[in-house]
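Coordinates as given in work.txt (compact mmCIF, C-alpha atoms and all ligand atoms):
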# COMPACT_ATOMS: atom_id res chain seq x y z
CA MET A 4 71.93 -50.68 35.84
CA ARG A 5 69.82 -53.57 34.61
CA VAL A 6 68.55 -55.37 37.73
CA LEU A 7 66.70 -58.62 38.35
CA ILE A 8 64.37 -58.63 41.34
CA THR A 9 63.13 -62.08 42.30
CA GLY A 10 59.83 -61.90 44.16
CA GLY A 11 59.26 -58.69 42.20
CA ALA A 12 55.47 -58.92 42.48
CA GLY A 13 55.56 -59.25 46.25
CA PHE A 14 55.22 -56.63 48.97
CA LEU A 15 58.91 -55.68 49.19
CA GLY A 16 59.86 -56.72 45.66
CA SER A 17 57.29 -54.38 44.10
CA HIS A 18 58.49 -51.43 46.18
CA LEU A 19 62.04 -52.22 45.06
CA CYS A 20 60.88 -52.21 41.42
CA ASP A 21 59.45 -48.73 41.96
CA ARG A 22 62.64 -47.46 43.57
CA PHE A 23 65.02 -48.81 40.93
CA LEU A 24 62.83 -47.51 38.11
CA ALA A 25 62.65 -44.09 39.81
CA GLU A 26 66.47 -44.05 39.93
CA GLY A 27 66.56 -44.57 36.16
CA HIS A 28 67.48 -48.26 36.12
CA THR A 29 65.96 -51.08 34.07
CA VAL A 30 64.07 -53.68 36.11
CA ILE A 31 63.20 -57.29 35.42
CA ALA A 32 60.76 -58.60 38.03
CA MET A 33 60.43 -62.36 38.40
CA ASP A 34 57.75 -64.07 40.48
CA ASN A 35 55.80 -67.34 40.50
CA LEU A 36 52.84 -65.48 42.07
CA ILE A 37 52.11 -68.00 44.83
CA THR A 38 52.18 -65.23 47.41
CA GLY A 39 53.00 -62.28 45.13
CA ASN A 40 50.37 -60.64 42.96
CA THR A 41 50.52 -58.75 39.66
CA ARG A 42 48.24 -56.13 41.23
CA ASN A 43 51.35 -54.88 43.05
CA ILE A 44 53.08 -54.10 39.74
CA ALA A 45 50.01 -53.35 37.58
CA HIS A 46 50.95 -49.65 37.55
CA LEU A 47 54.26 -50.58 35.87
CA ALA A 48 52.70 -52.42 32.93
CA GLY A 49 53.88 -50.79 29.72
CA HIS A 50 56.79 -48.98 31.41
CA GLU A 51 59.62 -49.02 28.87
CA ARG A 52 62.27 -50.02 31.42
CA PHE A 53 60.18 -52.71 33.14
CA LEU A 54 59.69 -56.37 32.32
CA PHE A 55 57.79 -59.03 34.28
CA ILE A 56 58.60 -62.72 33.92
CA ARG A 57 56.45 -65.34 35.62
CA HIS A 58 58.86 -68.01 36.81
CA ASP A 59 59.60 -70.11 39.90
CA VAL A 60 63.24 -69.35 40.74
CA SER A 61 63.59 -72.70 42.51
CA ASN A 62 63.99 -73.92 38.92
CA HIS A 63 66.87 -72.85 36.67
CA ILE A 64 66.69 -69.14 35.89
CA PHE A 65 67.24 -67.91 32.36
CA VAL A 66 67.45 -64.22 31.57
CA ALA A 67 68.75 -62.96 28.22
CA GLY A 68 71.24 -60.10 28.09
CA HIS A 69 73.44 -58.52 30.71
CA ILE A 70 72.46 -57.99 34.34
CA ASP A 71 74.26 -55.71 36.79
CA ALA A 72 72.52 -56.73 40.00
CA VAL A 73 70.37 -59.57 41.28
CA LEU A 74 68.18 -58.88 44.32
CA HIS A 75 66.81 -62.12 45.69
CA PHE A 76 63.49 -61.37 47.39
CA ALA A 77 61.43 -64.39 46.36
CA SER A 78 59.95 -66.30 49.31
CA PRO A 79 56.75 -66.72 51.25
CA ALA A 80 57.44 -64.39 54.18
CA SER A 81 54.64 -64.57 56.71
CA PRO A 82 54.22 -67.40 59.22
CA ILE A 83 50.82 -68.30 57.74
CA ASP A 84 52.32 -68.42 54.24
CA TYR A 85 55.30 -70.53 55.07
CA LEU A 86 53.14 -72.92 57.06
CA LYS A 87 50.96 -73.25 53.97
CA TYR A 88 53.95 -73.62 51.63
CA PRO A 89 56.65 -75.27 53.76
CA ILE A 90 58.40 -77.13 50.92
CA GLN A 91 58.29 -74.15 48.53
CA THR A 92 59.72 -71.97 51.31
CA LEU A 93 62.62 -74.35 51.86
CA LYS A 94 63.18 -74.68 48.12
CA VAL A 95 63.19 -70.99 47.29
CA GLY A 96 65.56 -70.24 50.18
CA SER A 97 67.94 -73.01 49.17
CA LEU A 98 67.58 -73.97 45.48
CA GLY A 99 66.22 -70.54 44.58
CA THR A 100 69.15 -68.79 46.24
CA HIS A 101 71.58 -71.17 44.53
CA ASN A 102 70.02 -70.43 41.13
CA ALA A 103 70.00 -66.68 41.75
CA LEU A 104 73.66 -66.81 42.83
CA GLY A 105 74.57 -68.88 39.79
CA LEU A 106 72.89 -66.36 37.52
CA ALA A 107 74.70 -63.45 39.23
CA LEU A 108 78.02 -65.27 38.80
CA ALA A 109 77.37 -66.03 35.13
CA LYS A 110 76.39 -62.41 34.45
CA GLY A 111 79.14 -60.84 36.57
CA ALA A 112 76.41 -59.16 38.61
CA ARG A 113 76.30 -57.98 42.20
CA PHE A 114 74.03 -60.10 44.41
CA LEU A 115 71.87 -58.97 47.31
CA LEU A 116 70.11 -61.48 49.56
CA ALA A 117 66.94 -60.65 51.46
CA SER A 118 67.62 -62.29 54.79
CA THR A 119 65.61 -61.80 57.94
CA SER A 120 65.52 -61.23 61.68
CA GLU A 121 64.07 -64.77 61.79
CA ILE A 122 67.61 -66.12 61.50
CA TYR A 123 67.97 -65.02 65.15
CA GLY A 124 64.98 -67.24 66.05
CA ASP A 125 63.53 -66.64 69.53
CA PRO A 126 66.55 -64.58 70.55
CA LEU A 127 68.47 -65.06 73.77
CA GLU A 128 70.40 -61.85 73.11
CA HIS A 129 68.52 -58.54 73.15
CA PRO A 130 68.71 -56.38 71.12
CA GLN A 131 70.06 -58.48 68.26
CA LYS A 132 73.44 -57.54 66.80
CA GLU A 133 74.63 -59.02 63.50
CA THR A 134 77.23 -60.97 65.51
CA TYR A 135 74.52 -62.96 67.33
CA TYR A 136 74.26 -66.54 66.03
CA GLY A 137 70.61 -67.01 66.92
CA ASN A 138 68.33 -69.51 68.61
CA VAL A 139 66.35 -71.42 66.01
CA ASN A 140 64.33 -74.63 66.43
CA THR A 141 65.20 -76.53 63.25
CA ILE A 142 62.17 -78.83 63.47
CA GLY A 143 59.57 -76.29 64.59
CA PRO A 144 56.90 -74.79 62.32
CA ARG A 145 58.98 -71.67 61.66
CA GLY A 146 62.09 -73.74 60.90
CA VAL A 147 61.26 -74.01 57.20
CA TYR A 148 61.72 -70.27 56.77
CA ASP A 149 64.41 -69.65 59.37
CA GLU A 150 66.66 -72.49 58.25
CA ALA A 151 66.15 -71.75 54.54
CA LYS A 152 67.28 -68.18 55.16
CA ARG A 153 70.22 -69.33 57.28
CA PHE A 154 71.26 -71.66 54.46
CA ALA A 155 70.77 -68.77 52.02
CA GLU A 156 73.20 -66.64 54.01
CA ALA A 157 75.70 -69.50 54.16
CA ILE A 158 75.64 -70.18 50.42
CA THR A 159 75.82 -66.45 49.68
CA MET A 160 79.00 -66.18 51.75
CA ALA A 161 80.34 -69.35 50.09
CA TYR A 162 79.87 -67.80 46.63
CA HIS A 163 81.53 -64.64 47.90
CA ARG A 164 84.52 -66.53 49.29
CA ALA A 165 84.88 -69.31 46.71
CA HIS A 166 83.98 -67.37 43.55
CA GLY A 167 84.68 -63.80 44.60
CA LEU A 168 81.05 -62.88 43.90
CA ASP A 169 80.20 -59.36 45.04
CA THR A 170 77.49 -60.01 47.63
CA ARG A 171 75.32 -58.17 50.17
CA ILE A 172 73.07 -59.55 52.91
CA VAL A 173 70.27 -57.51 54.44
CA ARG A 174 68.58 -58.85 57.58
CA ILE A 175 65.11 -57.40 57.41
CA PHE A 176 63.13 -56.75 60.59
CA ASN A 177 59.33 -56.40 60.75
CA THR A 178 58.23 -54.09 57.95
CA TYR A 179 54.78 -52.80 57.07
CA GLY A 180 53.15 -50.63 54.45
CA PRO A 181 50.93 -50.58 51.39
CA ARG A 182 50.80 -53.81 49.30
CA MET A 183 50.97 -56.19 52.23
CA ARG A 184 48.37 -58.86 51.60
CA LEU A 185 45.25 -58.43 53.71
CA ASP A 186 45.15 -62.17 54.38
CA ASP A 187 48.87 -62.86 54.87
CA GLY A 188 48.21 -63.48 58.57
CA ARG A 189 50.76 -61.02 59.86
CA VAL A 190 49.86 -58.74 62.70
CA VAL A 191 49.71 -55.50 60.69
CA PRO A 192 47.19 -56.58 58.01
CA ASN A 193 45.26 -58.68 60.55
CA PHE A 194 44.83 -55.79 62.99
CA ILE A 195 44.07 -53.16 60.35
CA GLY A 196 41.61 -55.45 58.55
CA GLN A 197 39.84 -56.24 61.82
CA ALA A 198 39.78 -52.59 62.85
CA LEU A 199 38.32 -51.48 59.53
CA ARG A 200 35.59 -54.10 59.85
CA GLY A 201 34.87 -52.92 63.40
CA GLU A 202 35.99 -56.22 64.93
CA ALA A 203 38.07 -56.81 68.06
CA LEU A 204 41.80 -57.21 67.32
CA THR A 205 43.11 -60.74 67.89
CA VAL A 206 46.15 -60.57 70.17
CA TYR A 207 47.91 -63.94 70.28
CA GLY A 208 49.15 -65.11 73.68
CA ASP A 209 49.15 -62.44 76.39
CA GLY A 210 50.38 -59.73 73.99
CA SER A 211 53.58 -59.12 75.95
CA GLN A 212 55.78 -60.27 73.03
CA THR A 213 57.53 -57.37 71.35
CA ARG A 214 58.34 -56.22 67.81
CA CYS A 215 59.64 -53.05 66.16
CA PHE A 216 57.66 -51.98 63.08
CA GLN A 217 59.43 -50.11 60.31
CA TYR A 218 57.76 -48.43 57.38
CA VAL A 219 58.54 -49.92 53.99
CA ASP A 220 60.12 -46.72 52.57
CA ASP A 221 62.78 -46.77 55.30
CA LEU A 222 63.65 -50.38 54.51
CA ILE A 223 63.87 -49.73 50.77
CA GLU A 224 66.22 -46.81 51.40
CA GLY A 225 68.43 -49.07 53.54
CA ILE A 226 68.51 -51.78 50.87
CA TYR A 227 69.35 -49.27 48.15
CA ARG A 228 72.22 -47.89 50.22
CA LEU A 229 73.49 -51.36 51.08
CA LEU A 230 73.54 -52.46 47.44
CA ASN A 231 75.54 -49.36 46.56
CA SER A 232 77.98 -49.83 49.45
CA ASN A 233 80.92 -52.22 49.41
CA PHE A 234 79.96 -53.98 52.65
CA THR A 235 79.68 -57.76 52.37
CA ASP A 236 78.79 -58.81 55.95
CA PRO A 237 75.10 -58.91 57.00
CA VAL A 238 73.37 -55.66 57.96
CA ASN A 239 70.25 -55.40 60.13
CA ILE A 240 67.67 -52.96 58.79
CA GLY A 241 64.92 -52.13 61.23
CA THR A 242 63.75 -49.53 63.71
CA THR A 243 64.50 -49.80 67.42
CA HIS A 244 61.12 -48.50 68.55
CA GLU A 245 60.05 -51.62 70.42
CA MET A 246 56.50 -52.22 71.54
CA SER A 247 54.41 -55.07 72.85
CA ILE A 248 51.77 -56.52 70.53
CA ALA A 249 49.04 -55.52 73.03
CA GLU A 250 50.32 -51.93 72.90
CA PHE A 251 50.43 -52.06 69.09
CA ALA A 252 46.80 -53.21 69.08
CA ARG A 253 45.81 -50.17 71.13
CA VAL A 254 47.60 -47.87 68.66
CA VAL A 255 45.75 -49.41 65.70
CA ASN A 256 42.38 -49.13 67.47
CA GLU A 257 43.07 -45.51 68.33
CA LEU A 258 44.07 -44.56 64.76
CA THR A 259 41.00 -46.25 63.28
CA ASP A 260 38.54 -45.17 66.01
CA ASN A 261 37.68 -48.81 66.48
CA PRO A 262 35.60 -49.26 69.64
CA ALA A 263 35.68 -53.09 69.51
CA GLY A 264 38.83 -53.42 71.64
CA ILE A 265 41.05 -56.47 71.70
CA VAL A 266 40.56 -60.17 72.31
CA PHE A 267 43.30 -62.52 73.52
CA LYS A 268 43.69 -65.75 71.54
CA GLU A 269 46.15 -67.96 73.34
CA ALA A 270 45.71 -70.94 71.02
CA GLU A 271 46.50 -69.01 67.83
CA ARG A 272 50.07 -68.26 68.87
CA ILE A 273 52.41 -70.27 66.67
CA LYS A 274 55.07 -72.33 68.43
CA ASP A 275 58.48 -70.63 68.75
CA ASP A 276 56.93 -67.19 68.21
CA PRO A 277 59.80 -64.92 69.32
CA GLN A 278 59.07 -63.30 72.68
CA THR A 279 61.20 -60.26 71.96
CA ARG A 280 62.73 -58.73 68.86
CA ARG A 281 64.65 -55.51 68.37
CA PRO A 282 67.54 -54.87 66.03
CA ASP A 283 70.78 -53.29 67.02
CA ASN A 284 70.99 -51.08 63.92
CA THR A 285 74.33 -49.43 64.73
CA ARG A 286 75.99 -51.08 61.73
CA ALA A 287 73.45 -49.65 59.27
CA ARG A 288 73.79 -46.22 60.84
CA GLU A 289 77.59 -46.26 60.76
CA ILE A 290 78.24 -47.97 57.45
CA LEU A 291 75.28 -46.79 55.38
CA GLY A 292 74.54 -43.49 57.12
CA TRP A 293 71.00 -44.88 57.29
CA GLU A 294 68.36 -44.25 59.91
CA PRO A 295 64.64 -44.88 60.02
CA LYS A 296 62.71 -41.70 59.33
CA VAL A 297 59.01 -42.60 59.27
CA PRO A 298 57.28 -42.88 62.67
CA LEU A 299 54.26 -45.13 63.20
CA SER A 300 52.11 -41.99 63.40
CA GLU A 301 52.95 -41.32 59.75
CA GLY A 302 53.35 -44.81 58.28
CA LEU A 303 50.30 -46.46 59.84
CA PRO A 304 47.76 -43.94 58.46
CA LYS A 305 49.18 -44.48 54.95
CA THR A 306 48.88 -48.22 55.40
CA ILE A 307 45.35 -47.93 56.81
CA GLU A 308 44.39 -45.84 53.76
CA TYR A 309 45.73 -48.56 51.48
CA PHE A 310 43.76 -51.27 53.28
CA GLN A 311 40.61 -49.13 53.21
CA ASP A 312 40.66 -49.46 49.42
CA VAL A 313 41.29 -53.21 49.65
CA VAL A 314 38.60 -53.87 52.26
CA GLY A 315 36.19 -51.56 50.34
N1 LIG B 1 50.03 -61.65 66.21
C1 LIG B 1 48.89 -61.35 66.94
N2 LIG B 1 47.69 -61.31 66.30
C2 LIG B 1 47.55 -61.54 64.96
C3 LIG B 1 48.73 -61.82 64.21
C4 LIG B 1 49.94 -61.88 64.87
O1 LIG B 1 48.95 -61.12 68.16
O2 LIG B 1 46.42 -61.46 64.46
C5 LIG B 1 51.33 -61.65 66.91
C6 LIG B 1 52.19 -62.87 66.65
O3 LIG B 1 51.88 -63.90 67.58
C7 LIG B 1 53.58 -62.32 66.85
C8 LIG B 1 53.46 -60.85 66.43
O4 LIG B 1 52.07 -60.56 66.42
O5 LIG B 1 53.94 -62.36 68.20
C9 LIG B 1 54.04 -60.59 65.05
O6 LIG B 1 53.56 -61.57 64.18
P1 LIG B 1 53.73 -61.51 62.61
O7 LIG B 1 53.07 -62.72 62.06
O8 LIG B 1 53.28 -60.19 62.09
O9 LIG B 1 55.29 -61.55 62.33
P2 LIG B 1 56.56 -62.25 63.02
O10 LIG B 1 57.28 -61.10 63.59
O11 LIG B 1 56.11 -63.21 64.10
O12 LIG B 1 57.25 -62.92 61.92
Written as structure tokens, how would this file's structure read?
Amino acid sequence: MRVLITGGAGFLGSHLCDRFLAEGHTVIAMDNLITGNTRNIAHLAGHERFLFIRHDVSNHIFVAGHIDAVLHFASPASPIDYLKYPIQTLKVGSLGTHNALGLALAKGARFLLASTSEIYGDPLEHPQKETYYGNVNTIGPRGVYDEAKRFAEAITMAYHRAHGLDTRIVRIFNTYGPRMRLDDGRVVPNFIGQALRGEALTVYGDGSQTRCFQYVDDLIEGIYRLLNSNFTDPVNIGTTHEMSIAEFARVVNELTDNPAGIVFKEAERIKDDPQTRRPDNTRAREILGWEPKVPLSEGLPKTIEYFQDVVG
């Protein structure tokens, strides 16, 4: 296959590039580099089946030649990033998705949308099944991302129904691993960065809010299986190992031998921060035969090692 990966220089996009190249496919990575970085794909420079194009997909996308699959992963994806780039986040989720869909239609390609657990908002149903409609504050600070992704799902299904486009939607839950940006503001790079500098970990609120952290390799496997399936409804990909943020902080401190402990920062907690989050991943298990394989005890040390090089 010849695949286009938008956001190809980002955290997830770059791992997808690696996976598709390893499977023998040809990869075109496209990124405007506002939150992505060519460092993530530097090891692919000169690869005969790899091409990087710097482009903002919120503008018309031109790619010469045939394309078999479009994977739309371009978007700021951390709360800090989408607060910094609210308009770009809305544009890439709406106009960018429209352009990527239009390209897929013109090329007769399959289309896969990177959606998110954020479409469930601060969920009133727990755990979250794909059938849950969500609880999103349209005008809150997270609304720019959540609503853009909800629109992206809607327009993807519209292209599927109106044009018969072959589409897939993955709803991605919290994912961590090498190539996250140290300063993206998310809890994993924040905690690991602080721990490696011997600082106290900043737990926002009282730390009772929960998340489930999956290792990037598990997610990539799920996405690869989904693309190769014939399933067109959304699929949650995430682990069900739920923990509070305070508990997660203790795990990070333990793994890094950080004696500095934790500090609670009530004021830093962003409005509408979901209090709980855990996927119901039955659909992925049943339809894709997928299950998360990498426990925190294996994935976190690899991620810490990566950040050790970054922090220096
Ligand atoms: N969080 C925290 N300390 C930090 C960064 C984040 O306690 O330094 C909390 C944040 O309030 C949220 C959780 O960790 O409840 C996960 O935040 P993140 O930004 O990683 O992703 P989200 O799941 O909210 O999109």
If the limit is 9 Å from any atom of ligand LIG 1 (chain B), counting only C-alpha atoms and all ligand atoms, which residues qualify? Return them as a VMD selection string. chain A and resid 80 to 83 120 to 121 145 176 to 178 187 to 194 197 204 to 215 247 to 249 252 267 to 268 271 to 273 276 to 280
For the residues in that selection, give me C-alpha atoms as a PDB file, in the frame of the given file.
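Writing done, so here's out24.pdb:
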ATOM      1  CA  ALA A  80      57.440 -64.390  54.180  1.00  0.00           C
ATOM      2  CA  SER A  81      54.640 -64.570  56.710  1.00  0.00           C
ATOM      3  CA  PRO A  82      54.220 -67.400  59.220  1.00  0.00           C
ATOM      4  CA  ILE A  83      50.820 -68.300  57.740  1.00  0.00           C
ATOM      5  CA  SER A 120      65.520 -61.230  61.680  1.00  0.00           C
ATOM      6  CA  GLU A 121      64.070 -64.770  61.790  1.00  0.00           C
ATOM      7  CA  ARG A 145      58.980 -71.670  61.660  1.00  0.00           C
ATOM      8  CA  PHE A 176      63.130 -56.750  60.590  1.00  0.00           C
ATOM      9  CA  ASN A 177      59.330 -56.400  60.750  1.00  0.00           C
ATOM     10  CA  THR A 178      58.230 -54.090  57.950  1.00  0.00           C
ATOM     11  CA  ASP A 187      48.870 -62.860  54.870  1.00  0.00           C
ATOM     12  CA  GLY A 188      48.210 -63.480  58.570  1.00  0.00           C
ATOM     13  CA  ARG A 189      50.760 -61.020  59.860  1.00  0.00           C
ATOM     14  CA  VAL A 190      49.860 -58.740  62.700  1.00  0.00           C
ATOM     15  CA  VAL A 191      49.710 -55.500  60.690  1.00  0.00           C
ATOM     16  CA  PRO A 192      47.190 -56.580  58.010  1.00  0.00           C
ATOM     17  CA  ASN A 193      45.260 -58.680  60.550  1.00  0.00           C
ATOM     18  CA  PHE A 194      44.830 -55.790  62.990  1.00  0.00           C
ATOM     19  CA  GLN A 197      39.840 -56.240  61.820  1.00  0.00           C
ATOM     20  CA  LEU A 204      41.800 -57.210  67.320  1.00  0.00           C
ATOM     21  CA  THR A 205      43.110 -60.740  67.890  1.00  0.00           C
ATOM     22  CA  VAL A 206      46.150 -60.570  70.170  1.00  0.00           C
ATOM     23  CA  TYR A 207      47.910 -63.940  70.280  1.00  0.00           C
ATOM     24  CA  GLY A 208      49.150 -65.110  73.680  1.00  0.00           C
ATOM     25  CA  ASP A 209      49.150 -62.440  76.390  1.00  0.00           C
ATOM     26  CA  GLY A 210      50.380 -59.730  73.990  1.00  0.00           C
ATOM     27  CA  SER A 211      53.580 -59.120  75.950  1.00  0.00           C
ATOM     28  CA  GLN A 212      55.780 -60.270  73.030  1.00  0.00           C
ATOM     29  CA  THR A 213      57.530 -57.370  71.350  1.00  0.00           C
ATOM     30  CA  ARG A 214      58.340 -56.220  67.810  1.00  0.00           C
ATOM     31  CA  CYS A 215      59.640 -53.050  66.160  1.00  0.00           C
ATOM     32  CA  SER A 247      54.410 -55.070  72.850  1.00  0.00           C
ATOM     33  CA  ILE A 248      51.770 -56.520  70.530  1.00  0.00           C
ATOM     34  CA  ALA A 249      49.040 -55.520  73.030  1.00  0.00           C
ATOM     35  CA  ALA A 252      46.800 -53.210  69.080  1.00  0.00           C
ATOM     36  CA  PHE A 267      43.300 -62.520  73.520  1.00  0.00           C
ATOM     37  CA  LYS A 268      43.690 -65.750  71.540  1.00  0.00           C
ATOM     38  CA  GLU A 271      46.500 -69.010  67.830  1.00  0.00           C
ATOM     39  CA  ARG A 272      50.070 -68.260  68.870  1.00  0.00           C
ATOM     40  CA  ILE A 273      52.410 -70.270  66.670  1.00  0.00           C
ATOM     41  CA  ASP A 276      56.930 -67.190  68.210  1.00  0.00           C
ATOM     42  CA  PRO A 277      59.800 -64.920  69.320  1.00  0.00           C
ATOM     43  CA  GLN A 278      59.070 -63.300  72.680  1.00  0.00           C
ATOM     44  CA  THR A 279      61.200 -60.260  71.960  1.00  0.00           C
ATOM     45  CA  ARG A 280      62.730 -58.730  68.860  1.00  0.00           C
TER      46      ARG A 280
END
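In this comparison, which uses only C-alpha atoms, the residue of A:Asp59, A:Asp149, A:Glu202, A:Asp21 approaching A:Ala45 most closely is A:Asp21.
Interatomic distance, atom CA of A:Leu116 to atom CA of A:Asp84: 19.7 Å.
Ranking A:Arg288, A:Val73, A:Asn261, A:Ser97 by their shortest atom-to-atom distance to A:Glu156, with only C-alpha atoms included, puts A:Ser97 first.
Using all atoms listed in the file, the nearest neighbour of A:Gly16 within the list A:Ile223, A:Arg57, A:Arg113, A:Lys87 is A:Ile223.
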Answer as a PDB file with C-alpha atoms, in the coordinates of the input, residues within 9 Å of (37.7, -52.8, 63.2) using all atoms listed in the file:
ATOM      1  CA  PHE A 194      44.830 -55.790  62.990  1.00  0.00           C
ATOM      2  CA  ILE A 195      44.070 -53.160  60.350  1.00  0.00           C
ATOM      3  CA  GLY A 196      41.610 -55.450  58.550  1.00  0.00           C
ATOM      4  CA  GLN A 197      39.840 -56.240  61.820  1.00  0.00           C
ATOM      5  CA  ALA A 198      39.780 -52.590  62.850  1.00  0.00           C
ATOM      6  CA  LEU A 199      38.320 -51.480  59.530  1.00  0.00           C
ATOM      7  CA  ARG A 200      35.590 -54.100  59.850  1.00  0.00           C
ATOM      8  CA  GLY A 201      34.870 -52.920  63.400  1.00  0.00           C
ATOM      9  CA  GLU A 202      35.990 -56.220  64.930  1.00  0.00           C
ATOM     10  CA  ALA A 203      38.070 -56.810  68.060  1.00  0.00           C
ATOM     11  CA  LEU A 204      41.800 -57.210  67.320  1.00  0.00           C
ATOM     12  CA  ASN A 256      42.380 -49.130  67.470  1.00  0.00           C
ATOM     13  CA  THR A 259      41.000 -46.250  63.280  1.00  0.00           C
ATOM     14  CA  ASP A 260      38.540 -45.170  66.010  1.00  0.00           C
ATOM     15  CA  ASN A 261      37.680 -48.810  66.480  1.00  0.00           C
ATOM     16  CA  PRO A 262      35.600 -49.260  69.640  1.00  0.00           C
ATOM     17  CA  ALA A 263      35.680 -53.090  69.510  1.00  0.00           C
ATOM     18  CA  GLY A 264      38.830 -53.420  71.640  1.00  0.00           C
TER      19      GLY A 264
END
In Å, rounded to a single decimal, give me how far atom CA of A:Lys274 is from atom CA of A:Arg182. 27.0 Å
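Nearest to A:Gly96 of all the residues A:Ala155, A:Val297, A:Ala109, A:Ile56 is A:Ala155, based on all atoms listed in the file.
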Step by step: locate stretch 177-190 of chain A in the block above, keep N, CA, C and O atoms, then write the file as a PDB file, in the first residue's frame.
ATOM      1  N   ASN A 177      -5.978   7.526  26.552  1.00  0.00           N
ATOM      2  CA  ASN A 177      -4.637   7.997  26.961  1.00  0.00           C
ATOM      3  C   ASN A 177      -3.533   7.014  26.568  1.00  0.00           C
ATOM      4  O   ASN A 177      -3.597   5.838  26.920  1.00  0.00           O
ATOM      5  N   THR A 178      -2.565   7.530  25.851  1.00  0.00           N
ATOM      6  CA  THR A 178      -1.467   6.722  25.319  1.00  0.00           C
ATOM      7  C   THR A 178      -0.148   7.413  25.655  1.00  0.00           C
ATOM      8  O   THR A 178      -0.072   8.639  25.611  1.00  0.00           O
ATOM      9  N   TYR A 179       0.850   6.612  26.001  1.00  0.00           N
ATOM     10  CA  TYR A 179       2.156   7.198  26.332  1.00  0.00           C
ATOM     11  C   TYR A 179       3.254   6.390  25.661  1.00  0.00           C
ATOM     12  O   TYR A 179       3.037   5.261  25.208  1.00  0.00           O
ATOM     13  N   GLY A 180       4.441   6.990  25.623  1.00  0.00           N
ATOM     14  CA  GLY A 180       5.586   6.273  25.068  1.00  0.00           C
ATOM     15  C   GLY A 180       6.618   7.246  24.545  1.00  0.00           C
ATOM     16  O   GLY A 180       6.439   8.472  24.612  1.00  0.00           O
ATOM     17  N   PRO A 181       7.722   6.693  24.018  1.00  0.00           N
ATOM     18  CA  PRO A 181       8.761   7.541  23.443  1.00  0.00           C
ATOM     19  C   PRO A 181       8.191   8.468  22.366  1.00  0.00           C
ATOM     20  O   PRO A 181       7.247   8.085  21.650  1.00  0.00           O
ATOM     21  N   ARG A 182       8.771   9.643  22.227  1.00  0.00           N
ATOM     22  CA  ARG A 182       8.430  10.698  21.265  1.00  0.00           C
ATOM     23  C   ARG A 182       7.274  11.597  21.710  1.00  0.00           C
ATOM     24  O   ARG A 182       6.856  12.476  20.950  1.00  0.00           O
ATOM     25  N   MET A 183       6.756  11.382  22.923  1.00  0.00           N
ATOM     26  CA  MET A 183       5.875  12.428  23.442  1.00  0.00           C
ATOM     27  C   MET A 183       6.779  13.636  23.657  1.00  0.00           C
ATOM     28  O   MET A 183       7.968  13.495  23.918  1.00  0.00           O
ATOM     29  N   ARG A 184       6.193  14.824  23.553  1.00  0.00           N
ATOM     30  CA  ARG A 184       6.994  16.023  23.768  1.00  0.00           C
ATOM     31  C   ARG A 184       7.120  16.295  25.267  1.00  0.00           C
ATOM     32  O   ARG A 184       6.113  16.285  25.978  1.00  0.00           O
ATOM     33  N   LEU A 185       8.334  16.557  25.704  1.00  0.00           N
ATOM     34  CA  LEU A 185       8.574  16.791  27.128  1.00  0.00           C
ATOM     35  C   LEU A 185       7.698  17.923  27.669  1.00  0.00           C
ATOM     36  O   LEU A 185       7.243  17.893  28.805  1.00  0.00           O
ATOM     37  N   ASP A 186       7.434  18.924  26.811  1.00  0.00           N
ATOM     38  CA  ASP A 186       6.686  20.095  27.286  1.00  0.00           C
ATOM     39  C   ASP A 186       5.253  20.119  26.750  1.00  0.00           C
ATOM     40  O   ASP A 186       4.659  21.180  26.623  1.00  0.00           O
ATOM     41  N   ASP A 187       4.680  18.961  26.441  1.00  0.00           N
ATOM     42  CA  ASP A 187       3.311  19.008  25.888  1.00  0.00           C
ATOM     43  C   ASP A 187       2.258  19.169  26.982  1.00  0.00           C
ATOM     44  O   ASP A 187       1.073  19.325  26.696  1.00  0.00           O
ATOM     45  N   GLY A 188       2.702  19.141  28.244  1.00  0.00           N
ATOM     46  CA  GLY A 188       1.799  19.452  29.350  1.00  0.00           C
ATOM     47  C   GLY A 188       0.990  18.270  29.847  1.00  0.00           C
ATOM     48  O   GLY A 188       0.274  18.386  30.839  1.00  0.00           O
ATOM     49  N   ARG A 189       1.088  17.149  29.148  1.00  0.00           N
ATOM     50  CA  ARG A 189       0.316  15.998  29.600  1.00  0.00           C
ATOM     51  C   ARG A 189       0.971  15.368  30.823  1.00  0.00           C
ATOM     52  O   ARG A 189       2.156  15.583  31.099  1.00  0.00           O
ATOM     53  N   VAL A 190       0.198  14.554  31.499  1.00  0.00           N
ATOM     54  CA  VAL A 190       0.658  14.062  32.797  1.00  0.00           C
ATOM     55  C   VAL A 190       1.899  13.171  32.677  1.00  0.00           C
ATOM     56  O   VAL A 190       2.790  13.243  33.529  1.00  0.00           O
TER      57      VAL A 190
END
